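File shown: work-v2.tsv. Contents: TSV, C-alpha atoms and all ligand atoms.
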```tsv
chain	number	residue	atom	x	y	z
A	1	MET	CA	16.93	7.42	-1.49
A	2	GLN	CA	15.36	7.53	1.93
A	3	LEU	CA	14.04	10.82	3.31
A	4	ASN	CA	13.86	11.15	7.08
A	5	SER	CA	11.07	13.64	7.66
A	6	PHE	CA	8.49	15.88	5.98
A	7	SER	CA	11.01	18.72	6.05
A	8	ASP	CA	13.23	16.74	3.65
A	9	ILE	CA	10.52	16.94	0.98
A	10	THR	CA	11.62	19.68	-1.38
A	11	SER	CA	9.58	21.31	-4.12
A	12	ASP	CA	11.45	19.11	-6.63
A	13	TYR	CA	8.93	16.39	-5.87
A	14	GLN	CA	6.03	16.67	-8.26
A	15	TYR	CA	4.53	13.22	-7.69
A	16	ILE	CA	3.80	12.08	-4.14
A	17	TYR	CA	2.31	8.65	-3.47
A	18	LEU	CA	0.67	7.78	-0.14
A	19	SER	CA	0.93	4.14	0.80
A	20	PRO	CA	-0.90	2.88	3.89
A	21	HIS	CA	1.41	-0.16	4.13
A	22	PHE	CA	4.76	-0.98	2.57
A	23	ASP	CA	3.43	-2.72	-0.53
A	24	ASP	CA	0.25	-0.82	-1.47
A	25	VAL	CA	1.66	1.78	-3.85
A	26	VAL	CA	3.94	-0.68	-5.62
A	27	TYR	CA	1.13	-3.22	-5.99
A	28	SER	CA	-1.24	-0.55	-7.33
A	29	CYS	CA	0.74	2.17	-9.13
A	30	ALA	CA	4.27	1.03	-9.99
A	31	GLY	CA	3.56	1.09	-13.74
A	32	THR	CA	2.76	4.80	-13.47
A	33	ILE	CA	5.82	5.39	-11.27
A	34	GLY	CA	7.97	3.63	-13.90
A	35	ALA	CA	6.53	5.86	-16.65
A	36	GLN	CA	7.25	9.01	-14.60
A	37	VAL	CA	10.83	7.84	-14.00
A	38	TYR	CA	11.26	7.24	-17.75
A	39	ARG	CA	10.26	10.88	-18.26
A	40	GLY	CA	12.99	12.02	-15.87
A	41	HIS	CA	10.98	12.50	-12.68
A	42	ARG	CA	11.75	11.26	-9.18
A	43	PRO	CA	8.49	10.18	-7.51
A	44	LEU	CA	8.23	10.02	-3.73
A	45	VAL	CA	6.43	7.28	-1.81
A	46	ILE	CA	5.32	8.06	1.74
A	47	THR	CA	4.41	4.94	3.69
A	48	VAL	CA	2.16	5.90	6.58
A	49	PHE	CA	2.01	2.83	8.84
A	50	ALA	CA	5.72	2.08	8.79
A	51	GLY	CA	6.49	2.61	12.48
A	52	ILE	CA	8.65	0.20	14.45
A	53	PRO	CA	6.82	-1.07	17.55
A	54	SER	CA	8.52	-0.93	20.91
A	55	SER	CA	10.20	-4.14	22.05
A	56	ARG	CA	7.95	-3.95	25.12
A	57	LEU	CA	4.79	-4.25	23.03
A	58	LYS	CA	2.86	-7.35	23.97
A	59	LEU	CA	1.60	-8.80	20.73
A	60	SER	CA	-1.95	-10.00	20.23
A	61	VAL	CA	-2.66	-13.52	19.01
A	62	LEU	CA	-3.70	-11.95	15.70
A	63	ALA	CA	-0.35	-10.15	15.29
A	64	VAL	CA	1.61	-13.34	15.98
A	65	LYS	CA	-0.60	-15.17	13.50
A	66	PHE	CA	0.17	-12.57	10.86
A	67	HIS	CA	3.91	-12.82	11.54
A	68	THR	CA	3.81	-16.58	11.12
A	69	TYR	CA	1.81	-16.22	7.94
A	70	MET	CA	4.36	-13.76	6.56
A	71	GLY	CA	7.04	-16.35	7.21
A	72	PHE	CA	8.50	-14.78	10.36
A	73	ASP	CA	8.72	-17.00	13.36
A	74	GLN	CA	11.22	-18.37	15.76
A	75	PHE	CA	12.30	-21.21	13.52
A	76	ALA	CA	15.17	-20.73	11.12
A	77	SER	CA	13.32	-22.90	8.63
A	78	LYS	CA	10.93	-20.00	8.11
A	79	ILE	CA	13.68	-17.65	7.02
A	80	LEU	CA	12.62	-14.69	4.96
A	81	LYS	CA	14.08	-15.34	1.55
A	82	TYR	CA	14.44	-13.00	-1.35
A	83	ARG	CA	14.07	-14.50	-4.77
A	84	GLY	CA	13.82	-12.97	-8.20
A	85	VAL	CA	16.20	-10.20	-9.11
A	86	GLY	CA	19.37	-11.24	-7.37
A	87	ARG	CA	19.42	-12.56	-3.89
A	88	VAL	CA	20.15	-10.52	-0.85
A	89	VAL	CA	21.80	-11.86	2.23
A	90	ILE	CA	19.92	-10.52	5.18
A	91	GLN	CA	21.52	-9.96	8.53
A	92	LEU	CA	21.23	-12.92	10.81
A	93	ARG	CA	19.23	-10.85	13.27
A	94	GLU	CA	16.49	-10.38	10.72
A	95	MET	CA	16.70	-13.89	9.33
A	96	LEU	CA	15.83	-15.16	12.74
A	97	ALA	CA	13.15	-12.55	13.29
A	98	SER	CA	10.96	-14.03	15.93
A	99	GLY	CA	7.21	-14.12	15.64
A	100	GLN	CA	7.20	-12.24	18.93
A	101	ASP	CA	9.46	-9.42	17.81
A	102	ALA	CA	7.43	-6.91	15.83
A	103	GLY	CA	10.40	-4.54	15.58
A	104	ALA	CA	12.46	-7.16	13.73
A	105	VAL	CA	9.51	-7.90	11.42
A	106	ILE	CA	9.04	-4.23	10.49
A	107	ARG	CA	12.77	-3.72	9.99
A	108	ALA	CA	12.82	-6.69	7.59
A	109	ARG	CA	9.76	-5.31	5.78
A	110	ARG	CA	11.41	-1.89	5.51
A	111	LYS	CA	14.29	-3.62	3.73
A	112	GLU	CA	11.87	-5.19	1.26
A	113	ASP	CA	10.33	-1.75	0.67
A	114	ALA	CA	13.67	0.01	0.26
A	115	ARG	CA	14.74	-2.60	-2.26
A	116	ALA	CA	11.53	-2.38	-4.31
A	117	LEU	CA	11.46	1.44	-4.38
A	118	THR	CA	15.17	1.71	-5.14
A	119	TYR	CA	14.60	-0.71	-8.02
A	120	LEU	CA	11.82	1.59	-9.28
A	121	GLN	CA	14.02	4.68	-8.74
A	122	ALA	CA	11.56	6.29	-6.38
A	123	ASP	CA	12.46	8.02	-3.11
A	124	TYR	CA	10.72	7.06	0.10
A	125	LEU	CA	9.74	8.31	3.53
A	126	TRP	CA	8.50	6.05	6.31
A	127	LEU	CA	6.18	7.62	8.88
A	128	ASP	CA	6.16	6.28	12.42
A	129	TYR	CA	2.49	5.34	12.79
A	130	LEU	CA	2.07	1.71	13.85
A	131	GLU	CA	0.14	-0.75	11.72
A	132	ALA	CA	-3.32	-1.64	13.04
A	133	ILE	CA	-2.28	-5.03	14.47
A	134	TYR	CA	0.25	-3.26	16.74
A	135	ARG	CA	-2.02	-0.51	18.04
A	136	GLY	CA	-3.45	-0.43	21.56
A	137	SER	CA	-2.49	-2.17	24.74
A	138	PRO	CA	-4.43	-4.38	24.98
A	139	ALA	CA	-4.74	-4.52	21.20
A	140	TYR	CA	-7.62	-2.57	19.61
A	141	TYR	CA	-8.12	-5.13	16.86
A	142	HIS	CA	-8.26	-8.86	17.55
A	143	ARG	CA	-9.94	-10.27	14.51
A	144	GLN	CA	-9.25	-10.15	10.80
A	145	SER	CA	-12.85	-9.00	10.28
A	146	GLN	CA	-12.07	-5.90	12.38
A	147	LEU	CA	-9.02	-5.06	10.26
A	148	VAL	CA	-10.79	-5.41	6.94
A	149	GLY	CA	-14.26	-3.95	6.87
A	150	GLY	CA	-14.41	-3.00	10.54
A	151	GLU	CA	-14.73	0.38	12.20
A	152	VAL	CA	-11.75	2.53	13.19
A	153	ASN	CA	-11.37	2.51	16.98
A	154	PRO	CA	-12.11	6.01	18.40
A	155	ALA	CA	-8.67	5.94	20.04
A	156	ASP	CA	-7.16	5.87	16.54
A	157	ARG	CA	-8.95	9.00	15.31
A	158	TRP	CA	-5.96	11.19	16.19
A	159	ILE	CA	-3.94	9.52	13.44
A	160	GLU	CA	-6.30	10.72	10.73
A	161	LYS	CA	-6.29	14.25	12.18
A	162	GLN	CA	-2.52	14.48	12.57
A	163	LEU	CA	-1.90	12.99	9.13
A	164	ALA	CA	-4.38	15.41	7.53
A	165	LEU	CA	-2.65	18.37	9.20
A	166	ASP	CA	0.76	17.23	8.00
A	167	LEU	CA	-0.50	16.66	4.46
A	168	LEU	CA	-2.15	20.10	4.39
A	169	THR	CA	1.08	21.74	5.56
A	170	LEU	CA	2.97	19.92	2.83
A	171	HIS	CA	0.38	20.91	0.23
A	172	LYS	CA	0.81	24.59	1.16
A	173	ARG	CA	4.54	24.23	0.61
A	174	LEU	CA	4.18	22.20	-2.63
A	175	PRO	CA	0.93	23.46	-4.18
A	176	GLY	CA	1.79	22.06	-7.63
A	177	ALA	CA	2.36	18.48	-6.46
A	178	VAL	CA	0.21	15.63	-7.75
A	179	TRP	CA	-0.94	13.32	-4.97
A	180	TYR	CA	-1.73	9.65	-5.38
A	181	ALA	CA	-3.78	8.19	-2.56
A	182	PRO	CA	-5.76	4.99	-1.95
A	183	LEU	CA	-9.40	4.92	-3.00
A	184	GLY	CA	-9.94	2.66	0.01
A	185	ILE	CA	-11.28	-0.39	-1.80
A	186	GLY	CA	-11.59	-3.37	0.54
A	187	ARG	CA	-12.01	-1.15	3.61
A	188	HIS	CA	-8.85	-2.12	5.44
A	189	LEU	CA	-8.80	0.14	8.53
A	190	ASP	CA	-5.41	1.64	7.75
A	191	HIS	CA	-6.47	2.39	4.18
A	192	GLN	CA	-9.65	4.02	5.53
A	193	ILE	CA	-7.59	6.29	7.79
A	194	VAL	CA	-5.35	7.44	4.92
A	195	THR	CA	-8.33	7.90	2.59
A	196	SER	CA	-10.11	10.01	5.23
A	197	ALA	CA	-7.02	12.16	5.84
A	198	VAL	CA	-6.69	12.72	2.09
A	199	ASP	CA	-10.24	14.10	2.01
A	200	ALA	CA	-8.74	17.19	3.67
A	201	LEU	CA	-6.41	17.62	0.67
A	202	ILE	CA	-9.27	17.17	-1.78
A	203	GLN	CA	-11.35	19.75	0.09
A	204	VAL	CA	-8.68	22.42	-0.35
A	205	GLY	CA	-8.34	21.71	-4.06
A	206	ALA	CA	-5.09	19.71	-4.13
A	207	ASN	CA	-4.46	17.68	-7.28
A	208	VAL	CA	-5.39	14.24	-5.93
A	209	LYS	CA	-5.69	11.02	-7.92
A	210	LEU	CA	-7.15	8.03	-6.09
A	211	TYR	CA	-5.62	4.69	-6.98
A	212	GLU	CA	-7.33	1.30	-6.97
A	213	ASP	CA	-6.06	-0.62	-3.95
A	214	PHE	CA	-4.56	-3.79	-5.35
A	215	PRO	CA	-5.33	-6.70	-4.97
A	216	TYR	CA	-8.56	-5.69	-3.15
A	217	VAL	CA	-9.85	-4.23	-6.43
A	218	VAL	CA	-9.97	-7.61	-8.17
A	219	ARG	CA	-12.68	-8.84	-5.81
A	220	GLU	CA	-16.06	-9.00	-7.49
A	221	GLY	CA	-18.02	-5.80	-6.87
A	222	ALA	CA	-15.42	-4.24	-4.53
A	223	LEU	CA	-14.65	-1.26	-6.78
A	224	GLU	CA	-18.32	-0.54	-7.53
A	225	HIS	CA	-19.14	-0.67	-3.83
A	226	ARG	CA	-16.40	1.82	-2.98
A	227	LEU	CA	-17.35	4.18	-5.81
A	228	GLU	CA	-20.94	4.20	-4.58
A	229	GLU	CA	-20.02	5.14	-1.02
A	230	SER	CA	-17.46	7.81	-1.96
A	231	ALA	CA	-18.19	11.36	-0.90
A	232	TRP	CA	-16.94	12.60	-4.28
A	233	ARG	CA	-18.03	12.38	-7.87
A	234	LEU	CA	-15.15	10.41	-9.34
A	235	VAL	CA	-13.98	10.46	-12.94
A	236	PRO	CA	-11.65	7.70	-14.20
A	237	GLU	CA	-8.30	8.46	-15.77
A	238	LEU	CA	-6.27	5.74	-17.49
A	239	VAL	CA	-2.49	5.59	-17.66
A	240	GLU	CA	-0.97	3.24	-20.21
A	241	VAL	CA	1.61	0.94	-18.59
A	242	CYS	CA	2.48	-1.60	-21.33
A	243	GLU	CA	6.17	-0.72	-21.12
A	244	THR	CA	6.36	-0.60	-17.33
A	245	LEU	CA	4.05	-3.36	-16.12
A	246	HIS	CA	7.07	-5.66	-15.73
A	247	LEU	CA	8.61	-3.13	-13.31
A	248	ARG	CA	5.48	-3.29	-11.17
A	249	GLN	CA	5.52	-7.09	-11.18
A	250	THR	CA	9.22	-7.35	-10.39
A	251	ALA	CA	9.07	-4.74	-7.62
A	252	ALA	CA	5.93	-6.37	-6.16
A	253	GLU	CA	7.78	-9.67	-5.96
A	254	MET	CA	10.36	-8.01	-3.72
A	255	TYR	CA	7.80	-7.87	-0.90
A	256	SER	CA	8.49	-11.57	-0.37
A	257	SER	CA	6.90	-11.72	3.06
A	258	GLN	CA	3.58	-10.47	1.65
A	259	THR	CA	3.18	-12.57	-1.49
A	260	LYS	CA	1.57	-15.61	0.04
A	261	MET	CA	-0.77	-13.55	2.22
A	262	ASN	CA	-1.99	-11.39	-0.65
A	263	PHE	CA	-2.06	-13.81	-3.56
A	264	GLU	CA	-2.71	-17.28	-2.15
A	265	ASN	CA	-6.44	-17.01	-2.80
A	266	VAL	CA	-5.82	-15.67	-6.30
A	267	ALA	CA	-3.56	-18.69	-6.92
A	268	LYS	CA	-6.34	-21.05	-5.82
A	269	MET	CA	-8.84	-19.30	-8.07
A	270	TYR	CA	-6.57	-19.48	-11.13
A	271	SER	CA	-5.49	-23.04	-10.42
A	272	SER	CA	-9.09	-24.23	-10.46
A	273	GLN	CA	-9.91	-22.14	-13.55
A	274	ILE	CA	-7.02	-23.25	-15.72
A	275	LYS	CA	-6.60	-26.73	-14.18
A	276	LYS	CA	-2.93	-26.05	-13.56
A	277	SER	CA	-1.32	-25.39	-10.23
A	278	LEU	CA	0.03	-21.84	-9.84
A	279	ASP	CA	1.98	-20.64	-6.80
A	280	SER	CA	1.29	-17.27	-5.17
A	281	LYS	CA	4.08	-15.49	-7.07
A	282	GLU	CA	2.94	-16.78	-10.47
A	283	ALA	CA	-0.61	-15.81	-9.57
A	284	MET	CA	0.53	-12.30	-8.63
A	285	TYR	CA	2.20	-11.81	-12.02
A	286	LYS	CA	-0.85	-13.15	-13.83
A	287	ILE	CA	-3.47	-11.15	-11.94
A	288	MET	CA	-1.51	-7.90	-12.41
A	289	GLY	CA	-1.30	-8.60	-16.14
A	290	ASP	CA	-4.94	-9.65	-16.43
A	291	TYR	CA	-6.38	-6.83	-14.34
A	292	THR	CA	-4.41	-4.02	-16.01
A	293	GLN	CA	-5.58	-5.37	-19.37
A	294	SER	CA	-9.19	-5.81	-18.28
A	295	ILE	CA	-9.61	-2.06	-17.69
A	296	HIS	CA	-8.48	-1.11	-21.20
A	297	PRO	CA	-11.55	-0.41	-23.37
A	298	GLU	CA	-10.44	-2.87	-26.08
A	299	LYS	CA	-8.57	-5.13	-23.63
A	300	THR	CA	-5.47	-5.00	-25.79
A	301	GLU	CA	-3.20	-2.80	-23.64
A	302	HIS	CA	-2.26	-2.60	-19.99
A	303	MET	CA	-3.52	0.35	-17.99
A	304	GLU	CA	-3.55	1.65	-14.43
A	305	ARG	CA	-6.68	3.55	-13.48
A	306	TYR	CA	-7.04	6.54	-11.18
A	307	TRP	CA	-10.20	8.21	-9.97
A	308	ILE	CA	-10.22	11.98	-9.97
A	309	PRO	CA	-12.48	13.63	-7.35
A	310	GLY	CA	-14.76	16.37	-8.60
A	311	LYS	CA	-17.86	17.72	-6.96
A	312	ALA	CA	-18.64	16.72	-3.37
A	313	LEU	CA	-21.76	14.55	-3.32
A	314	ARG	CA	-22.45	14.89	0.37
A	315	ASP	CA	-21.35	16.97	3.31
A	316	LYS	CA	-18.08	16.13	4.89
A	317	VAL	CA	-18.39	12.40	5.34
A	318	ASN	CA	-14.96	12.16	6.88
A	319	PRO	CA	-14.64	15.35	8.91
A	320	VAL	CA	-11.19	16.50	9.94
A	321	GLU	CA	-11.35	18.99	12.75
B	1	ZN	ZN	-2.40	-2.09	2.68
```

Output the file's structure as structure tokens, nothing else.
Amino acid sequence: MQLNSFSDITSDYQYIYLSPHFDDVVYSCAGTIGAQVYRGHRPLVITVFAGIPSSRLKLSVLAVKFHTYMGFDQFASKILKYRGVGRVVIQLREMLASGQDAGAVIRARRKEDARALTYLQADYLWLDYLEAIYRGSPAYYHRQSQLVGGEVNPADRWIEKQLALDLLTLHKRLPGAVWYAPLGIGRHLDHQIVTSAVDALIQVGANVKLYEDFPYVVREGALEHRLEESAWRLVPELVEVCETLHLRQTAAEMYSSQTKMNFENVAKMYSSQIKKSLDSKEAMYKIMGDYTQSIHPEKTEHMERYWIPGKALRDKVNPVE
């Protein structure tokens, strides 16, 4: 079920997941969500950068490149197709989503998200902040290296502050809620903004569990690097997901427009390792299975890992005024 604003969030919600983009929580935590649903809960996923850009927005070369890569462009041959569990006929308007029309792209991606979260039996709220590639006129971020690993443009600082204020207000209303937020592995700008806003929740003692941003976490050394730079002493907590891993994989597949972008490199890596050609979807299934098993002490079960903040190691690294 879709919620329309923060005021729709009632105290019935005990588990609240913060997703920078549409796919992050499903990619990283859907095994845990599945286990909570099995126990009779109704988790909520709040996607922060889910805003629909104005039709007047002039897109940067980078944004158009991303759209093409996701499979959206002006040619019908690049139609967004849903495969896997059933097949959904998408409205013609969205099938023909032009590489120049960011609104159509986000509306199509919202449909992917709604389908995945409905499948998982989670509720969802989309906030209206624009994704990094759509911010600024002219665009603040022109290069991939700025998006991942770059610095947040000072003109974007208000997002972190506003988001932190809204989260703190919600925490006051729902003090018993458990929050799941990105650890910020991989340093995507939008993940950094959410992670910084969540510091405000941690500082007031909210029950926050930081999830391992997937698939960034599978990169060699990425997790260790992030743990080292964190402002908090972090203690790992494992959740067993043997029974629900398939839900995470199936729901992840529903973000069809993102699969190639996120798992093409993984597919290349596996293909050369096992001397057999894997496509991006097969690689996604395999890496989710392999990674969740790799973090189990005996490597015999599948786990999702969360990092629980304890003592602050340094003064406010990410100040929220
Ligand atoms: Zn993301």

Collect all residues with atoms no farther than 6 Å from ligand ZN 1 (chain B), counting all atoms listed in the file, and output them as a short mmCIF file (atom, residue, chain, number, x, y, z; two decimals) with C-alpha atoms, in the coordinates of the input.
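Everything below was put into selection-v9.cif:
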```cif
data_model
loop_
_atom_site.label_atom_id
_atom_site.label_comp_id
_atom_site.auth_asym_id
_atom_site.auth_seq_id
_atom_site.Cartn_x
_atom_site.Cartn_y
_atom_site.Cartn_z
CA PRO A 20 -0.90 2.88 3.89
CA HIS A 21 1.41 -0.16 4.13
CA ASP A 24 0.25 -0.82 -1.47
#
```

Open item on the list: Need to verify the contact set: Val239 of chain A, 8 Å, only C-alpha atoms, exclusion of same-chain residues closer than 4 positions in sequence. Can you return it as a list in words?
Closed with: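 Those residues are Thr32, Met303, Glu304, Arg305 and Tyr306 of chain A.
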
Find the spatial neighbours of Trp232 of chain A, counting all atoms listed in the file, within a cut-off of 9 Å - ignore same-chain residues fewer than 2 positions away - and output them as a CSV table (one decimal) with C-alpha atoms, in the frame of the given file.
```csv
chain,number,residue,atom,x,y,z
A,227,LEU,CA,-17.4,4.2,-5.8
A,229,GLU,CA,-20.0,5.1,-1.0
A,230,SER,CA,-17.5,7.8,-2.0
A,234,LEU,CA,-15.2,10.4,-9.3
A,308,ILE,CA,-10.2,12.0,-10.0
A,309,PRO,CA,-12.5,13.6,-7.4
A,310,GLY,CA,-14.8,16.4,-8.6
A,311,LYS,CA,-17.9,17.7,-7.0
A,312,ALA,CA,-18.6,16.7,-3.4
A,313,LEU,CA,-21.8,14.6,-3.3
A,314,ARG,CA,-22.4,14.9,0.4
```

- [ ] Select, from A:Gln14, A:Phe6, A:Gln36, A:Glu301, the residue with the minimum atom-to-atom distance to Trp179 of chain A, counting all atoms listed in the file.
- [x] A:Gln14

Task: Distance in Å - atom CA of Lys172 of chain A versus atom CA of Ile193 of chain A - done: 21.2 Å

TODO: For a cut-off of 12 Å around (-15.7, -0.1, 10.8), file coordinates, pick out all residues using all atoms listed in the file and list them as a list of chain:residue names.
DONE: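 Using all atoms listed in the file, the matching residues come out as A:Tyr141, A:Gln144, A:Ser145, A:Gln146, A:Leu147, A:Val148, A:Gly149, A:Gly150, A:Glu151, A:Val152, A:Asn153, A:Pro154, A:Asp156, A:Gly186, A:Arg187, A:His188, A:Leu189, A:Asp190, A:His191, A:Gln192, A:Ile193.
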
Open item on the list: When you count all atoms listed in the file, which of these residues is closest to Arg109 of chain A: A:Phe22, A:Trp126, A:Trp158, A:Phe49?
Closed with: A:Phe22

Task: Distance in Å - atom CA of Leu167 of chain A versus atom CA of Arg39 of chain A - done: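 Between these atoms lies a distance of 25.8 Å.
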
Open item on the list: Taking all atoms listed in the file into account, name the residue in A:Arg157, A:His171, A:His225, A:Arg219 that is nearest to Gln203 of chain A.
Closed with: A:His171

Open item on the list: Rounded to one decimal, what separation in Å do you get between atom CA of Thr68 of chain A and atom CA of Ser257 of chain A?
Closed with: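 Taking atom CA of Thr68 of chain A and atom CA of Ser257 of chain A, their separation equals 9.9 Å.
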
Open item on the list: Need to verify the contact set: Ile16 of chain A, 9 Å, all atoms listed in the file, exclusion of same-chain residues closer than 3 positions in sequence. Can you return it as a list in words?
Closed with: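 Near Ile16 of chain A, the qualifying residues are Tyr13, Pro43, Leu44, Val45, Ile46, Ala177, Val178, Trp179, Tyr180 and Ala181 of chain A.
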
- [ ] Compare A:Ser11, A:Ser272, A:Ser60, A:Gln293 by their minimum atom-to-atom distance to Gly136 of chain A, counting only C-alpha atoms, and give me the closest one.
- [x]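 Ranking A:Ser11, A:Ser272, A:Ser60, A:Gln293 by distance to Gly136 of chain A, first place goes to A:Ser60.
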
Task: Counting all atoms listed in the file, the residue of A:Ala102, A:Leu59, A:Ile52, A:Leu117 that sits nearest Ser137 of chain A - done: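 Smallest separation from Ser137 of chain A among the options: A:Leu59.
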
Spatial neighbours of Ile287 of chain A, 9 Å, all atoms listed in the file, chain gap at least 4 places, as an mmCIF file with C-alpha atoms, keeping the file's coordinate frame:
```
data_model
loop_
_atom_site.group_PDB
_atom_site.id
_atom_site.type_symbol
_atom_site.label_atom_id
_atom_site.label_comp_id
_atom_site.auth_asym_id
_atom_site.auth_seq_id
_atom_site.Cartn_x
_atom_site.Cartn_y
_atom_site.Cartn_z
ATOM 1 C CA PRO A 215 -5.330 -6.700 -4.970
ATOM 2 C CA VAL A 218 -9.970 -7.610 -8.170
ATOM 3 C CA PHE A 263 -2.060 -13.810 -3.560
ATOM 4 C CA VAL A 266 -5.820 -15.670 -6.300
ATOM 5 C CA TYR A 270 -6.570 -19.480 -11.130
ATOM 6 C CA GLU A 282 2.940 -16.780 -10.470
ATOM 7 C CA ALA A 283 -0.610 -15.810 -9.570
ATOM 8 C CA TYR A 291 -6.380 -6.830 -14.340
ATOM 9 C CA THR A 292 -4.410 -4.020 -16.010
#
```

Open item on the list: Show me the residues around (6.3, -1.8, 5.1) - criterion: an atom at most 12 Å away, all atoms listed in the file counted - as a ChimeraX atom specification.
Closed with: /A:19-26,45-52,102-117,124-131,254-258

Task: Best match for closeness to Leu247 of chain A among A:Lys275, A:Thr118, A:Gly71, A:Leu223, counting all atoms listed in the file - done: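 Checking each candidate against Leu247 of chain A, we get A:Thr118 as the closest.
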